[in-house]
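Chemist: I'd like to ask some things about the structure below.
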Amino acid sequence: MSDVWGDKEYYKGIGKINYEGKDSDNPLAFRYYNPDQVVAGKTMREHFKFAISYWPSFGGNGSDLFGQGTHQFAWNEFREPIQAAKKRADAAFEFISKMGFDYFCFHDYDLVQEGQSFTQSELRLSTMTTYLKEKMDSSGIKVLWGTANCFSNPRYMNGAATNPDFKVLARAAGQVKLAMDATIALDGENYIFWGGREGYMTLLNTDMKRELDHLGKFLAQARDYAREQGFKGNFLIEPKPMEPLKHQYDFDCATTIGFLREYGLEKDFKLNIEVNHATLAQHTFAHELEVASKAGMLGSIDANRGDYHNGWDTSQFPNNVYEVTEAMLVFLKAGGIQGGGVNFDAKIRRNSTDIEDIFLAHIGGADTFARALLTADKIITSSPYESLRQQRYSSFDTGKGKEFEEGKLNFKDLYAIAQENEEIELKSGKQELFENIINRYL
Ligand code: XUL
Ligand code: CO
């Protein structure tokens, strides 16, 4: 094991996290996430493909706008960029192995600090790609997705692919090329675009049509480049309505699907849905999954949660079993996610300063998803939920309703039916019954 971790064990005293069942009192054990347990025809491991996010778990130190870092972890103490990156990778691989997860996700400059020049960044990335490849080979840990951070550097303050300055757009393209090269070299299964600065603060200085046309072209060229390099995975867009910008172009799933179709990208691109982004868009997580699933674009999930009393992205670990169960109903009915997995894009709180806190956080998140999956499966297989839902639409299963669905009636036919002027009986939507079914199976 120690060759996977490097020469130092960072999480001393914490061993492999195992499934111990719901009656276990051990806080460092899974109580619901049993990787090899089969639910609806697949193991939990296959359903979820749980991934660790490099950036919230190994990128920050707990600092916020009001105070300096509180996470004094040993791998954070190195200053020379390559050495720091290697120590961080050692800690990350030790953590992922101990969690028993199979995947991680990264931004280019999570792996190593961006260089002073483009060429220096390219060199640093390639050094780290080689280092990670060895660790992946010896541990069996894989890349769920890679991406480029085209939002932190000041050059992207007015956007990356939607920047009004062509030089910035070209620089972003160069950066995305390198991030794609790294993802492909590490056999990454998907490539993500989160348009952190793709949007605007005020329309007064913005040509929206031109910006969106540029974004459409940029994404098409990026796709063509990666396909030429043999990349077979999904390209995924991660919608978010606001923060950092006032208006982000990928507001929510529906908006993003419209954009992808307008620019002819719908065959290669799917969606990566993040729970807290859904909340910020005033949607439920389940709603966003349903919109994506209906369009055949349910590609991946960024798992976290927001705080209903705050209006910003708090990225806490998932813990609301009721809500995740609603989401797992959509997930199971869609036959799971296509190509992606469940990536914990969540961070421990600033005052969670113990070495074990990051384990507790991921255990809680995995158990929430597992418990919700088990509940959703029971609801689908043993409750009247599915038949009650179908029954609501039964007037379209026979007679004139069926003819309408089959396109055999026109608007005048509907008028004629209306003229028959039959008394229409009120039919209850039974919302409370549906809600009670979820609680009963929790
Ligand atoms: C930001 C966010 C990103 C993306 C990847 O809110 O979710 O971390 O997941 O760029
Ligand atoms: Co995310």
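Chains: A, B, ... in order of the structure tokens. Residues: from 1 per chain. Ligands: from 1, in order shown.
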Among the residues of range 257-326 of chain A, find those DSSP assigns to strand (DSSP E or B) from the backbone and print them as a ChimeraX atom specification.

Modeler: /A:269-274,298-303,305,316

Chemist: Since we have the selection now, will you write its residues out, keeping all heavy atoms, as a CSV table (one decimal), in the first residue's frame?

Modeler:
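In the end it all went to out.csv:
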chain,number,residue,atom,x,y,z
A,269,PHE,N,-22.5,15.8,-26.0
A,269,PHE,CA,-22.5,16.5,-24.7
A,269,PHE,C,-23.7,16.0,-23.9
A,269,PHE,O,-24.8,15.8,-24.4
A,269,PHE,CB,-22.6,18.0,-24.9
A,269,PHE,CG,-21.3,18.7,-25.2
A,269,PHE,CD1,-20.9,18.6,-26.5
A,269,PHE,CD2,-20.6,19.3,-24.3
A,269,PHE,CE1,-19.7,19.2,-26.9
A,269,PHE,CE2,-19.4,19.9,-24.6
A,269,PHE,CZ,-18.9,19.9,-25.9
A,270,LYS,N,-23.4,15.8,-22.6
A,270,LYS,CA,-24.5,15.5,-21.6
A,270,LYS,C,-24.3,16.5,-20.5
A,270,LYS,O,-23.5,17.4,-20.6
A,270,LYS,CB,-24.4,14.0,-21.2
A,270,LYS,CG,-24.5,13.0,-22.3
A,270,LYS,CD,-24.8,11.6,-21.7
A,270,LYS,CE,-24.8,10.5,-22.8
A,270,LYS,NZ,-25.3,10.9,-24.1
A,271,LEU,N,-25.1,16.2,-19.4
A,271,LEU,CA,-25.0,17.2,-18.3
A,271,LEU,C,-24.4,16.5,-17.0
A,271,LEU,O,-24.7,15.4,-16.7
A,271,LEU,CB,-26.5,17.7,-18.0
A,271,LEU,CG,-27.1,18.3,-19.2
A,271,LEU,CD1,-28.6,18.6,-18.9
A,271,LEU,CD2,-26.4,19.6,-19.6
A,272,ASN,N,-23.7,17.4,-16.3
A,272,ASN,CA,-23.3,17.0,-15.0
A,272,ASN,C,-24.1,17.8,-14.0
A,272,ASN,O,-23.9,19.1,-13.9
A,272,ASN,CB,-21.8,17.3,-14.8
A,272,ASN,CG,-21.2,16.9,-13.4
A,272,ASN,OD1,-21.7,15.9,-12.8
A,272,ASN,ND2,-20.3,17.7,-12.9
A,273,ILE,N,-24.9,17.2,-13.2
A,273,ILE,CA,-25.9,17.9,-12.4
A,273,ILE,C,-25.4,18.0,-10.9
A,273,ILE,O,-25.1,17.0,-10.3
A,273,ILE,CB,-27.2,17.3,-12.4
A,273,ILE,CG1,-27.7,17.3,-13.9
A,273,ILE,CG2,-28.2,18.0,-11.5
A,273,ILE,CD1,-28.8,16.4,-14.2
A,274,GLU,N,-25.3,19.2,-10.4
A,274,GLU,CA,-24.8,19.4,-9.1
A,274,GLU,C,-26.0,19.9,-8.2
A,274,GLU,O,-26.7,20.8,-8.6
A,274,GLU,CB,-23.7,20.5,-9.0
A,274,GLU,CG,-23.2,20.8,-7.6
A,274,GLU,CD,-21.8,21.4,-7.6
A,274,GLU,OE1,-21.0,21.1,-8.4
A,274,GLU,OE2,-21.6,22.2,-6.7
A,298,LEU,N,-28.6,12.5,-19.1
A,298,LEU,CA,-28.2,12.4,-17.7
A,298,LEU,C,-26.8,11.8,-17.6
A,298,LEU,O,-26.7,10.5,-17.6
A,298,LEU,CB,-29.3,11.6,-16.9
A,298,LEU,CG,-29.1,11.3,-15.4
A,298,LEU,CD1,-28.8,12.6,-14.7
A,298,LEU,CD2,-30.4,10.7,-14.9
A,299,GLY,N,-25.8,12.6,-17.5
A,299,GLY,CA,-24.4,12.1,-17.7
A,299,GLY,C,-23.7,11.8,-16.4
A,299,GLY,O,-23.0,10.9,-16.3
A,300,SER,N,-23.8,12.7,-15.4
A,300,SER,CA,-23.0,12.6,-14.2
A,300,SER,C,-23.6,13.5,-13.1
A,300,SER,O,-24.5,14.3,-13.4
A,300,SER,CB,-21.6,13.0,-14.4
A,300,SER,OG,-20.7,12.3,-13.6
A,301,ILE,N,-23.2,13.3,-11.8
A,301,ILE,CA,-23.7,14.0,-10.7
A,301,ILE,C,-22.6,14.6,-9.9
A,301,ILE,O,-21.6,13.9,-9.6
A,301,ILE,CB,-24.6,13.1,-9.8
A,301,ILE,CG1,-25.9,12.8,-10.5
A,301,ILE,CG2,-24.8,13.7,-8.4
A,301,ILE,CD1,-26.7,11.7,-9.8
A,302,ASP,N,-22.7,15.9,-9.5
A,302,ASP,CA,-21.8,16.4,-8.4
A,302,ASP,C,-22.6,16.5,-7.2
A,302,ASP,O,-23.6,17.2,-7.0
A,302,ASP,CB,-21.3,17.8,-8.8
A,302,ASP,CG,-20.0,17.8,-9.5
A,302,ASP,OD1,-19.5,16.7,-9.9
A,302,ASP,OD2,-19.4,18.9,-9.7
A,303,ALA,N,-22.3,15.6,-6.2
A,303,ALA,CA,-23.1,15.5,-5.0
A,303,ALA,C,-22.6,16.5,-3.9
A,303,ALA,O,-21.4,16.6,-3.6
A,303,ALA,CB,-22.9,14.0,-4.4
A,305,ARG,N,-24.8,19.6,-1.0
A,305,ARG,CA,-26.1,20.2,-0.7
A,305,ARG,C,-25.8,21.6,-0.3
A,305,ARG,O,-24.7,22.0,0.1
A,305,ARG,CB,-26.8,19.4,0.5
A,305,ARG,CG,-26.2,19.7,1.9
A,305,ARG,CD,-27.1,19.0,2.9
A,305,ARG,NE,-27.0,19.7,4.2
A,305,ARG,CZ,-26.0,19.5,5.1
A,305,ARG,NH1,-25.0,18.6,4.8
A,305,ARG,NH2,-26.0,20.1,6.2
A,316,GLN,N,-22.0,21.7,1.0
A,316,GLN,CA,-21.8,20.8,2.1
A,316,GLN,C,-22.0,19.4,1.6
A,316,GLN,O,-22.6,19.1,0.6
A,316,GLN,CB,-22.9,21.2,3.2
A,316,GLN,CG,-22.6,22.5,3.8
A,316,GLN,CD,-23.8,23.1,4.5
A,316,GLN,OE1,-24.4,24.1,4.0
A,316,GLN,NE2,-24.1,22.6,5.7

Chemist: Neighbouring residues of Phe151 in chain A were defined as those with any atom within 6 Å, considering only C-alpha atoms; residues of the same chain fewer than 5 positions away were excluded. Please report them as a list in words.

Modeler: Tyr156, Gly196 and Arg197 of chain A

Chemist: Would you put the residues from that selection into a file with N, CA, C and O atoms, as a CSV table (one decimal), in the first residue's frame?

Modeler:
chain,number,residue,atom,x,y,z
A,156,TYR,N,-9.3,35.6,-16.9
A,156,TYR,CA,-10.6,35.2,-17.2
A,156,TYR,C,-11.7,36.0,-16.6
A,156,TYR,O,-12.9,35.6,-16.6
A,196,GLY,N,-17.5,28.7,-15.3
A,196,GLY,CA,-17.5,29.6,-14.1
A,196,GLY,C,-17.6,31.1,-14.5
A,196,GLY,O,-18.3,31.9,-13.8
A,197,ARG,N,-17.0,31.5,-15.6
A,197,ARG,CA,-17.1,33.0,-15.9
A,197,ARG,C,-17.8,33.2,-17.3
A,197,ARG,O,-17.6,34.2,-17.9

Chemist: Could you name the residues that touch Phe359 in chain A at 10 Å or less, counting only C-alpha atoms, but leaving out those on the same chain fewer than 4 positions away, as a count of residues only?

Modeler: 16

Chemist: Set out as CSV a contact list for chain A and ligand 2 with a cut-off of 9 Å, giving each residue of chain A that qualifies its closest atom pair and distance in Å to one decimal, counting only C-alpha atoms and all ligand atoms, ordered by chain and rising residue number.

Modeler:
residue,atom,partner,partner_atom_place_in_ligand_line,distance
A:Ser53,CA,ligand 2,1 (Co),8.8
A:Trp194,CA,ligand 2,1 (Co),7.4
A:Glu238,CA,ligand 2,1 (Co),6.8
A:Pro239,CA,ligand 2,1 (Co),8.8
A:Lys240,CA,ligand 2,1 (Co),8.8
A:Asn272,CA,ligand 2,1 (Co),7.9
A:Ile273,CA,ligand 2,1 (Co),7.8
A:Glu274,CA,ligand 2,1 (Co),5.7
A:Val275,CA,ligand 2,1 (Co),8.7
A:Asn276,CA,ligand 2,1 (Co),8.7
A:His277,CA,ligand 2,1 (Co),8.1
A:Ile301,CA,ligand 2,1 (Co),8.3
A:Asp302,CA,ligand 2,1 (Co),5.3
A:Ala303,CA,ligand 2,1 (Co),8.0
A:Asn304,CA,ligand 2,1 (Co),8.7
A:Ser315,CA,ligand 2,1 (Co),8.8
A:Asn343,CA,ligand 2,1 (Co),8.2
A:Phe344,CA,ligand 2,1 (Co),8.3
A:Asp345,CA,ligand 2,1 (Co),5.3
A:Ala346,CA,ligand 2,1 (Co),8.3

Chemist: Using DSSP on the backbone coordinates, identify the residues of range 230-305 of chain A assigned to helix (DSSP H, G or I); present them as a count of residues only.

Modeler: 26

Chemist: Please determine, counting only C-alpha atoms, which residue among A:Pro241, A:Gly264, A:Gly21, A:Gly399 has the shortest atom-to-atom distance to Trp312 in chain A.

Modeler: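 Comparing A:Pro241, A:Gly264, A:Gly21, A:Gly399 against Trp312 in chain A, the winner is A:Pro241.
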
Chemist: Got a sec: who's within 7 Å of range 115-131 of chain A, counting only C-alpha atoms, leaving out chain neighbours fewer than 4 positions off, as an MDAnalysis selection string?

Modeler: chainID A and resid 111 135 178 182

Chemist: Quick one: of A:Val321, A:Leu236, A:Leu332, A:Leu388, who's nearest to Lys42 in chain A, counting only C-alpha atoms?

Modeler: A:Leu332

Chemist: Which residue gives the smallest distance to ligand 1 among A:Gly188, A:Gly62, A:Pro56, A:Gly230, with only C-alpha atoms and all ligand atoms counted?

Modeler: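 Of all the options, A:Pro56 lies closest to ligand 1.
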